Structures are given as structure tokens and as C-alpha cells.
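Chemist: Dropping a structure here in C-alpha cells format, bear with me for questions.
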Amino acid sequence: MSFKHRTNDHPSHRVGASLARALGLSLLVGGLAVGTGCDSTATLFPQKVNFQRAMIVSAYPGLKNADGSWKRQCGPGPVTGIITNVALLSTQRKTSTDSSETEDRDLSIRPGDVIDTRVVEGSLPDDINLTHEGHLDYTLDCLEPQPARATGSDCQARGGTVPSVQLDQVTYVDYAARRAGQDIMILIDQSGSTSGLVDATKNNIEAHTGNFEIPSNFGSLASDGTNLRLAAARRLIRTLNSEDRFGVLAFGEDINLKVPCQDAQGDVQTDLDLCFGARNTDIWLQGDKSLDSLAGTGQGRSNMWVAVDKAYEFLKNRTLTKEDKERGVHIVVLTDGPDTCSQSENRGACQAACSTTDEQTVLNKIETDFNDPNALKIHVHFIQFESRGYTGRDPRQLEVSCYSGGQYQYVNSNQFSSTNVTPLQEALETAVINVRYMLMGYWQLASEVPAYQNNAAAPTGTLPGSLYALSGLLKVKPSSNMVKTERPFPFDVGQGELADSATNWDRRPVVRKPCTAATDCGAAAGAGGACTIICSEETLTCPGTDPSAGITAPDTFSCVQPSGSDGSCCQGQCIGLGESCATCTQ
């Protein structure tokens, strides 16, 4: 694989860069990088950057092309194996000057960086070489179907498969050059489940505020009663560089979309154009109309896809300069579950949809733009923690992140302590940091996995229609020239870097193996009906505790009658649109 790097051909820059490379230092003169001018009286501030850790962030099904390259296989189709996405982090890149303009807060390691006197993917024999797969060791201990339907002390006892893995290719996926800048929209969930305003009589699902009785114990039902998602958003903002531009959009049925921004006079600004990209982060972080205004105000259902679509259109339709088009462009979503406003399986029974924008709306735009070589590429990342009514990973978020080149991370927060908030705070902030350090690009490990290709049941294969959690180990070897001794980085429940208190965090990345028919779920061909969901068209998974039986669609869910006429579901039957459902008229 080849890499393109920007170079400045001015002689002073070449001398400065050569000196820095030889010494393994970032040289600053009076707060300016060597090569920007000469000052014999200036003070030199050397800084040595070393390798710090590897973060295993996400995984997706992979397909090996005829030319040997790999791509994500996001929907149905043949697979060769699994792609695992990794962030390699350095030690701090802070300078010894007070000027924040020269500070690089991005700790991610990319080709061309100097790490302990060696250039990453450089041309010299003693440079750091990571794209040669022999310098990394990658193993998988288990491919376990999710949600787990069995318990046990080892992989096979839990219904999983222990796969053999052959690391085939290591590449760097490049989004933007170092210091080119990032354009980021941060979306924050303000639906009722975040504050506990849910329908406790119907399994804690989200509903419009006026349609249910607020539970007396709503505080204990909140997915984020202490507003840790807001703290995580602040953490992300504070790690951005001075050249990065960002905006924040809160979403929820009752607030629709809200821009939590105020100007220096304390006036609310509702226009993203006025707030996006502001280098004065105080307009977002300080004041009772900024991010603080979101604390404890979540109510109504989640219109997440409306927010993603709005952010996508905003980022896409700006007037961009040539330099703007060289920046990375990203959407980062902090949410506690799936969209509950659109016409989907997650909409509560007897609830009318509160949005016509759904996952497919977003996917259509992503597919169009990624097939157009001249279109702006916008990467969508999700950090999903759990609400009481919507447990487990959302395959829709996984799919959108896959197609857009983004990352998906999950925090099983319902298994965390309800009184000690430190583990959840550490997990959420680690998740946003993982995304932050993959905005410039990331390391992609492509592996052939025969057991993932095999559609047989465990322990030899993996059945279609499930998400599969990956546990395993990544080792960085001394032969890479990045470490002096072998460094192991496990990923499993409670195992991983940072978030030391989050011992219950399920850090395993997941891949989806799509179903395409009821038979993939163990049912007879043609099983189910208009209101029985076996192989879900939305998620391409087999829902329910018994995959072959599926689940019953919610009452008032759209369906098609045998005659071909449109209808709506009622107690598992597809009735005419003019008919009333007794369970929804009480």
C-alpha cells in the first residue's frame, strides 16, 4: 500500500524535518516550528514522542477483492473474513510553549509520524513497519452470537465458535493529513429514556410525554440520570485542535432539534451556521443556554435519524474551499438506543410514527455520495449505551457506521453499578476518545476467518441472522521497531485499555452476519406473516429469544394484506387501514 504525504520543499523545512527525524524530536523555536524563520536567540523545546497503546475500537465483515485489497461488506453478500479497526496512540504531543496554536492534541499515530527517532512506514530498514502483517499478531478467542442465548465459562459453552484466524493485511485508512483539520457534528440524545420519562407499564419504552403516566421512580429508570453523555461530549470538544471545527445538535421528539449554543451576550443562537466552527468553545461549554441546558431535560421519543439527516445535509451543503475539501468530515452520535420515532420495529405498540425519516433515508444519501468520486465523504460514528427499554446493540447504527466508514461502539451500561457512576463515565469518555483519535484515519487489520464464512452452527461455523461479538488479543511485536518488548492488547468483557474501573464493560466489537430469509433463522421457507418478523428486513437479524419463531410486530405497525392492500398490525394480524385495533382504543 502506498501513502501520500504533503511536503514543503523550502530548504529550511527540509533541514528542520531531517533534524527532527534524526533526533526523534519536535523542534520548536520561540513557539514556532523549525523552518518558519531563523532566530539565533530562540529557545529550543525538544519533545520525544513514543508509542503508548493500541485501542481495539470496532469490527466489520470483510471481503477480499481480486487485487488483494479488502473492503467492508456491510450488507448481504460473500465474506472473506473480518476487518478490525484499531487506533494506535502516542504519548502527549504537547509543546513546551504557551501557544495553543502549536499544540497537537491528536495522539493517533499515522504514516509519516516520527516515533522514538523512527518514521512510521518510512523507507529505512530501522523505521517502523506496521503494514507487514508479521509485525503484529492477531488472534480471536471466540465469535459469540448476540444477544447471548446461553451461559458458560468458555466460548463453546456459550454457543460460540473458536475460530482460526489468518491476518492477511494491515493498512492505514487515510481520512485527512495531520493538522489538516476536522469538521465534526456532535449529536446528543435528549429522548425520554435518558431521564427516565418512559412508559413503565410497557417495558420502559419511550412514548410521547402526554401519552403515558410519568413513573414515580423515573430517576431510577434513566439511562443517564447524571448526564455523563454531556461530560463525554465536553471531553471530545476539549481534545480537538485549534484548526478543527464543530457543532452540537441535541435531538428528541419534544425538542425536535436544538442547538445548545449562546453568544458572548448570553443570547441563544438557534442557527448552526452561526455557531458551527466557532473557535471560542465557551459558546458551547459555558452558560445556562449551552450544553448545560440539556441536563435532565430529555423527554419524548428518539428522532435520531432526523438528527443524523439534518447534520449530514448541513455538512454537505456548505460552501467549501479547496482546503476545506481536504479536511475530515464526521458525525458523532451519543445515544442510549435506537430511533423510536420512525416506522420501525422499535416503535411502541399503538404509537403513530413521529418521523418519516428513517435509517434508509440516511443510507441512500451515504451510498450516493460514496459512489460519487466528487462528493464529500461524511463518516458517521455511533456511541451507544443502554436504556432500560432497548437493551443490546442496534444493528441499524452498526450498518450506517459500516457504510459511511465510521466506527460503532457499545457500552452495556445496564450491567454497571446504579450508584457508582465512575465506571460508566470512564467507559463513555474512553469511547469518545477512541472516535476522536480515529478522525484522521485508523489502522485496518483484515483477517481471513473460515468459521465466519461457514454458515453451519457452532462450533464449526456461524449461523446467519446474528451479531457476533469478537474477543481476542492483538500483539505489537518488537520486529515492528515501535516497541522494545512485545505489547499485548486484549479485548473482551472488562479487558482493554483505559476505563480501568469499568470491569463490566463489554468491549468486544461486533460484526453482523445478515439473514436473507426465514430459513436462515431456522424457520420453514415462507414462515411468518405480514405481522410476524422472523428475518427482519430492518436489521437483517433474527429477533427474539427463539430465532425460528421471530417476534410479533407492534400494533399499528404498517403491513401488507394478502390482497396487496396496505394495512396495519393488530395482535399479530394485518387488518385494513380503516379498521380499529381494540387494544389501541382502550
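Following the order of the C-alpha cells, chains are lettered A, B, ..., residues in each are numbered from 1, and ligands are numbered from 1.
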So which bits of range 182-381 of chain A end up strand (DSSP E or B) when you DSSP the backbone, as a PyMOL selection string?
Modeler: chain A and resi 182-189+199+205+245-252+256-258+262+268+328-335+379-381
Chemist: Those same residues, written as a compact mmCIF listing (two decimals), in the first residue's frame with N, CA and C atoms?
Modeler:
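That gives us part.txt:
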```txt
# COMPACT_ATOMS: atom_id res chain seq x y z
N GLN A 182 -10.51 18.94 11.12
CA GLN A 182 -11.70 18.09 11.07
C GLN A 182 -12.94 18.96 11.20
N ASP A 183 -14.00 18.60 10.50
CA ASP A 183 -15.32 19.22 10.65
C ASP A 183 -16.24 18.17 11.27
N ILE A 184 -16.79 18.47 12.43
CA ILE A 184 -17.48 17.46 13.24
C ILE A 184 -18.82 17.99 13.72
N MET A 185 -19.86 17.19 13.56
CA MET A 185 -21.15 17.46 14.19
C MET A 185 -21.35 16.43 15.30
N ILE A 186 -21.61 16.90 16.51
CA ILE A 186 -21.83 16.03 17.66
C ILE A 186 -23.33 16.02 17.96
N LEU A 187 -23.95 14.84 17.91
CA LEU A 187 -25.38 14.71 18.15
C LEU A 187 -25.61 14.05 19.51
N ILE A 188 -26.48 14.65 20.32
CA ILE A 188 -26.69 14.20 21.69
C ILE A 188 -28.15 13.82 21.90
N ASP A 189 -28.38 12.63 22.38
CA ASP A 189 -29.72 12.08 22.62
C ASP A 189 -30.37 12.80 23.80
N ASP A 199 -42.57 4.81 29.51
CA ASP A 199 -43.80 4.13 29.90
C ASP A 199 -43.44 2.85 30.66
N ILE A 205 -40.58 1.54 27.51
CA ILE A 205 -40.35 2.08 26.17
C ILE A 205 -40.62 3.58 26.17
N ARG A 245 -13.19 22.26 13.48
CA ARG A 245 -14.45 22.99 13.57
C ARG A 245 -15.54 22.01 13.99
N PHE A 246 -16.48 22.46 14.81
CA PHE A 246 -17.51 21.54 15.30
C PHE A 246 -18.80 22.28 15.59
N GLY A 247 -19.86 21.48 15.72
CA GLY A 247 -21.15 21.97 16.17
C GLY A 247 -21.83 20.89 16.98
N VAL A 248 -22.86 21.26 17.72
CA VAL A 248 -23.60 20.32 18.57
C VAL A 248 -25.08 20.44 18.24
N LEU A 249 -25.74 19.29 18.16
CA LEU A 249 -27.17 19.25 17.90
C LEU A 249 -27.79 18.23 18.84
N ALA A 250 -28.76 18.67 19.64
CA ALA A 250 -29.48 17.76 20.53
C ALA A 250 -30.77 17.32 19.85
N PHE A 251 -31.18 16.07 20.07
CA PHE A 251 -32.38 15.58 19.41
C PHE A 251 -33.30 14.87 20.39
N GLY A 252 -34.58 14.93 20.11
CA GLY A 252 -35.62 14.30 20.91
C GLY A 252 -36.96 14.78 20.39
N ASN A 256 -37.47 18.39 19.23
CA ASN A 256 -37.13 18.21 17.82
C ASN A 256 -35.61 18.24 17.68
N LEU A 257 -35.05 19.36 17.23
CA LEU A 257 -33.60 19.51 17.15
C LEU A 257 -33.24 20.83 17.81
N LYS A 258 -32.22 20.81 18.65
CA LYS A 258 -31.85 22.00 19.41
C LYS A 258 -30.35 22.24 19.28
N GLN A 262 -24.83 29.63 22.89
CA GLN A 262 -25.17 31.01 23.21
C GLN A 262 -23.98 31.90 22.92
N VAL A 268 -29.41 33.08 22.99
CA VAL A 268 -29.46 31.78 22.37
C VAL A 268 -29.28 31.92 20.86
N GLY A 328 -11.17 16.22 7.23
CA GLY A 328 -12.04 15.09 7.55
C GLY A 328 -13.41 15.61 7.96
N VAL A 329 -14.47 14.90 7.60
CA VAL A 329 -15.83 15.34 7.90
C VAL A 329 -16.56 14.20 8.61
N HIS A 330 -17.10 14.49 9.80
CA HIS A 330 -17.61 13.41 10.65
C HIS A 330 -18.88 13.83 11.39
N ILE A 331 -19.71 12.85 11.69
CA ILE A 331 -20.84 12.99 12.60
C ILE A 331 -20.62 11.99 13.73
N VAL A 332 -20.72 12.46 14.98
CA VAL A 332 -20.55 11.60 16.15
C VAL A 332 -21.85 11.61 16.94
N VAL A 333 -22.47 10.44 17.11
CA VAL A 333 -23.78 10.34 17.77
C VAL A 333 -23.62 9.68 19.14
N LEU A 334 -24.10 10.36 20.17
CA LEU A 334 -24.16 9.81 21.52
C LEU A 334 -25.61 9.50 21.83
N THR A 335 -25.95 8.21 21.96
CA THR A 335 -27.36 7.83 22.12
C THR A 335 -27.49 6.62 23.03
N HIS A 379 -18.40 10.68 7.42
CA HIS A 379 -18.30 9.43 8.19
C HIS A 379 -19.15 9.57 9.46
N VAL A 380 -19.99 8.57 9.70
CA VAL A 380 -20.92 8.62 10.83
C VAL A 380 -20.49 7.60 11.88
N HIS A 381 -20.28 8.07 13.11
CA HIS A 381 -19.84 7.23 14.22
C HIS A 381 -20.94 7.20 15.29
```
Chemist: Check which residues of range 417-493 of chain A sit at most 10 Å from range 512-533 of chain A using only C-alpha atoms, and return one row each with the closest pair of atoms and their distance in Å to one decimal, ordered by chain and rising number, as CSV.
Modeler:
```
residue,atom,partner,partner_atom,distance
A:Tyr452,CA,A:Lys513,CA,8.3
A:Gln453,CA,A:Lys513,CA,9.4
A:Asn455,CA,A:Asp520,CA,9.0
A:Thr462,CA,A:Lys513,CA,8.1
A:Leu463,CA,A:Asp520,CA,7.4
A:Pro464,CA,A:Cys515,CA,5.0
A:Gly465,CA,A:Cys515,CA,4.2
A:Ser466,CA,A:Lys513,CA,5.7
A:Leu467,CA,A:Arg512,CA,4.3
A:Tyr468,CA,A:Arg512,CA,6.2
A:Ala469,CA,A:Arg512,CA,9.0
```
Chemist: Pick out the residues sitting within 12 Å of range 210-215 of chain A, and hand them over as JSON, numbers by chain; count only C-alpha atoms, and ignore anything fewer than 6 positions along from it in its own chain.
Modeler: {"A": [192, 193, 195, 196, 197, 198, 199, 200, 201, 202, 203, 204, 221, 222, 253, 254, 299, 300, 301, 348, 350, 351, 352]}
Chemist: May I have the residues from that selection written out with C-alpha atoms, as a PDB file, in the first residue's frame?
Modeler:
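Okay, this is what ended up in out.pdb:
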```
ATOM      1  CA  GLY A 192     -37.196  10.489  27.460  1.00  0.00           C
ATOM      2  CA  SER A 193     -35.240   7.339  28.235  1.00  0.00           C
ATOM      3  CA  SER A 195     -34.038  10.991  32.053  1.00  0.00           C
ATOM      4  CA  GLY A 196     -36.377   8.066  32.865  1.00  0.00           C
ATOM      5  CA  LEU A 197     -39.541   9.567  31.341  1.00  0.00           C
ATOM      6  CA  VAL A 198     -40.674   6.269  29.841  1.00  0.00           C
ATOM      7  CA  ASP A 199     -43.805   4.129  29.897  1.00  0.00           C
ATOM      8  CA  ALA A 200     -43.059   1.797  32.807  1.00  0.00           C
ATOM      9  CA  THR A 201     -46.236  -0.214  32.135  1.00  0.00           C
ATOM     10  CA  LYS A 202     -44.899  -1.196  28.706  1.00  0.00           C
ATOM     11  CA  ASN A 203     -41.375  -2.382  29.408  1.00  0.00           C
ATOM     12  CA  ASN A 204     -39.937   1.128  29.814  1.00  0.00           C
ATOM     13  CA  LEU A 221     -35.222   4.292  35.074  1.00  0.00           C
ATOM     14  CA  ALA A 222     -32.993   6.938  33.493  1.00  0.00           C
ATOM     15  CA  GLU A 253     -39.289  14.293  19.973  1.00  0.00           C
ATOM     16  CA  ASP A 254     -40.282  17.114  22.314  1.00  0.00           C
ATOM     17  CA  GLN A 299     -38.390  13.632  27.070  1.00  0.00           C
ATOM     18  CA  GLY A 300     -40.376  12.107  24.236  1.00  0.00           C
ATOM     19  CA  ARG A 301     -39.198   9.609  21.674  1.00  0.00           C
ATOM     20  CA  GLY A 348     -44.097   1.236  20.677  1.00  0.00           C
ATOM     21  CA  CYS A 350     -50.302   1.753  19.255  1.00  0.00           C
ATOM     22  CA  GLN A 351     -47.979   4.697  18.707  1.00  0.00           C
ATOM     23  CA  ALA A 352     -48.117   6.610  15.473  1.00  0.00           C
TER      24      ALA A 352
END
```
Chemist: Considering only C-alpha atoms, can you say which of A:Gly496, A:Gly564, A:Gly225, A:Gly389 comes closest to Glu206 in chain A?
Modeler: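 Closest to Glu206 in chain A, using only C-alpha atoms: A:Gly389.
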Chemist: To one decimal in Å, tell me the separation between CA of Ser216 in chain A and CA of Cys581 in chain A.
Modeler: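 Here the two named atoms are 29.5 Å from each other.
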Chemist: If we count only C-alpha atoms, what is near Thr422 in chain A at a cut-off of 10 Å, once residues fewer than 5 positions away on the same chain are taken out, given as a list in words?
Modeler: Leu228, Phe416, Ser417, Ala427, Ala499, Asp500, Ser501 and Ala502 of chain A
Chemist: May I have the selected residues written with N, CA and C atoms, as a compact mmCIF listing (two decimals), in the first residue's frame?
Modeler:
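Result file out-v8.txt:
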```txt
# COMPACT_ATOMS: atom_id res chain seq x y z
N LEU A 228 -23.86 11.95 32.01
CA LEU A 228 -22.49 11.60 31.65
C LEU A 228 -22.25 11.73 30.15
N PHE A 416 -23.82 -1.98 34.65
CA PHE A 416 -22.95 -1.18 35.51
C PHE A 416 -23.66 -0.87 36.83
N SER A 417 -22.88 -0.43 37.80
CA SER A 417 -23.44 -0.06 39.10
C SER A 417 -24.41 1.10 38.95
N ALA A 427 -16.11 4.68 30.76
CA ALA A 427 -16.41 3.96 29.52
C ALA A 427 -16.86 4.92 28.43
N ALA A 499 -10.29 3.18 31.07
CA ALA A 499 -11.52 2.79 31.77
C ALA A 499 -11.28 1.63 32.72
N ASP A 500 -10.29 1.79 33.59
CA ASP A 500 -9.91 0.69 34.50
C ASP A 500 -11.02 0.29 35.46
N SER A 501 -11.91 1.23 35.80
CA SER A 501 -12.98 0.92 36.75
C SER A 501 -14.15 0.19 36.10
N ALA A 502 -14.22 0.23 34.78
CA ALA A 502 -15.37 -0.35 34.06
C ALA A 502 -15.12 -1.84 33.81
```
Chemist: To one decimal in Å, tell me the separation between CA of Asp324 in chain A and CA of Val400 in chain A.
Modeler: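 Between these atoms lies a distance of 24.2 Å.
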Chemist: Pick the closest to Gln407 in chain A from A:Asp492, A:Asp292, A:Val510, A:Leu315: which is it, counting only C-alpha atoms?
Modeler: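 Using only C-alpha atoms, Gln407 in chain A sits closest to A:Val510.
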Chemist: Once DSSP has gone over the backbone, tell me which residues of range 122-223 of chain A are in alpha helix (DSSP H), as a list of chain:residue names.
Modeler: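 Answer for range 122-223 of chain A, restricted to alpha helix (DSSP H): A:Gly192, A:Ser193, A:Thr194, A:Ser195, A:Phe218, A:Gly219, A:Ser220, A:Leu221.
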Chemist: Considering only C-alpha atoms, state which residue in the set A:Gln425, A:Ile551, A:Leu445, A:Phe51 is at the smallest distance from Thr485 in chain A.
Modeler: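 Nearest to Thr485 in chain A: A:Phe51.
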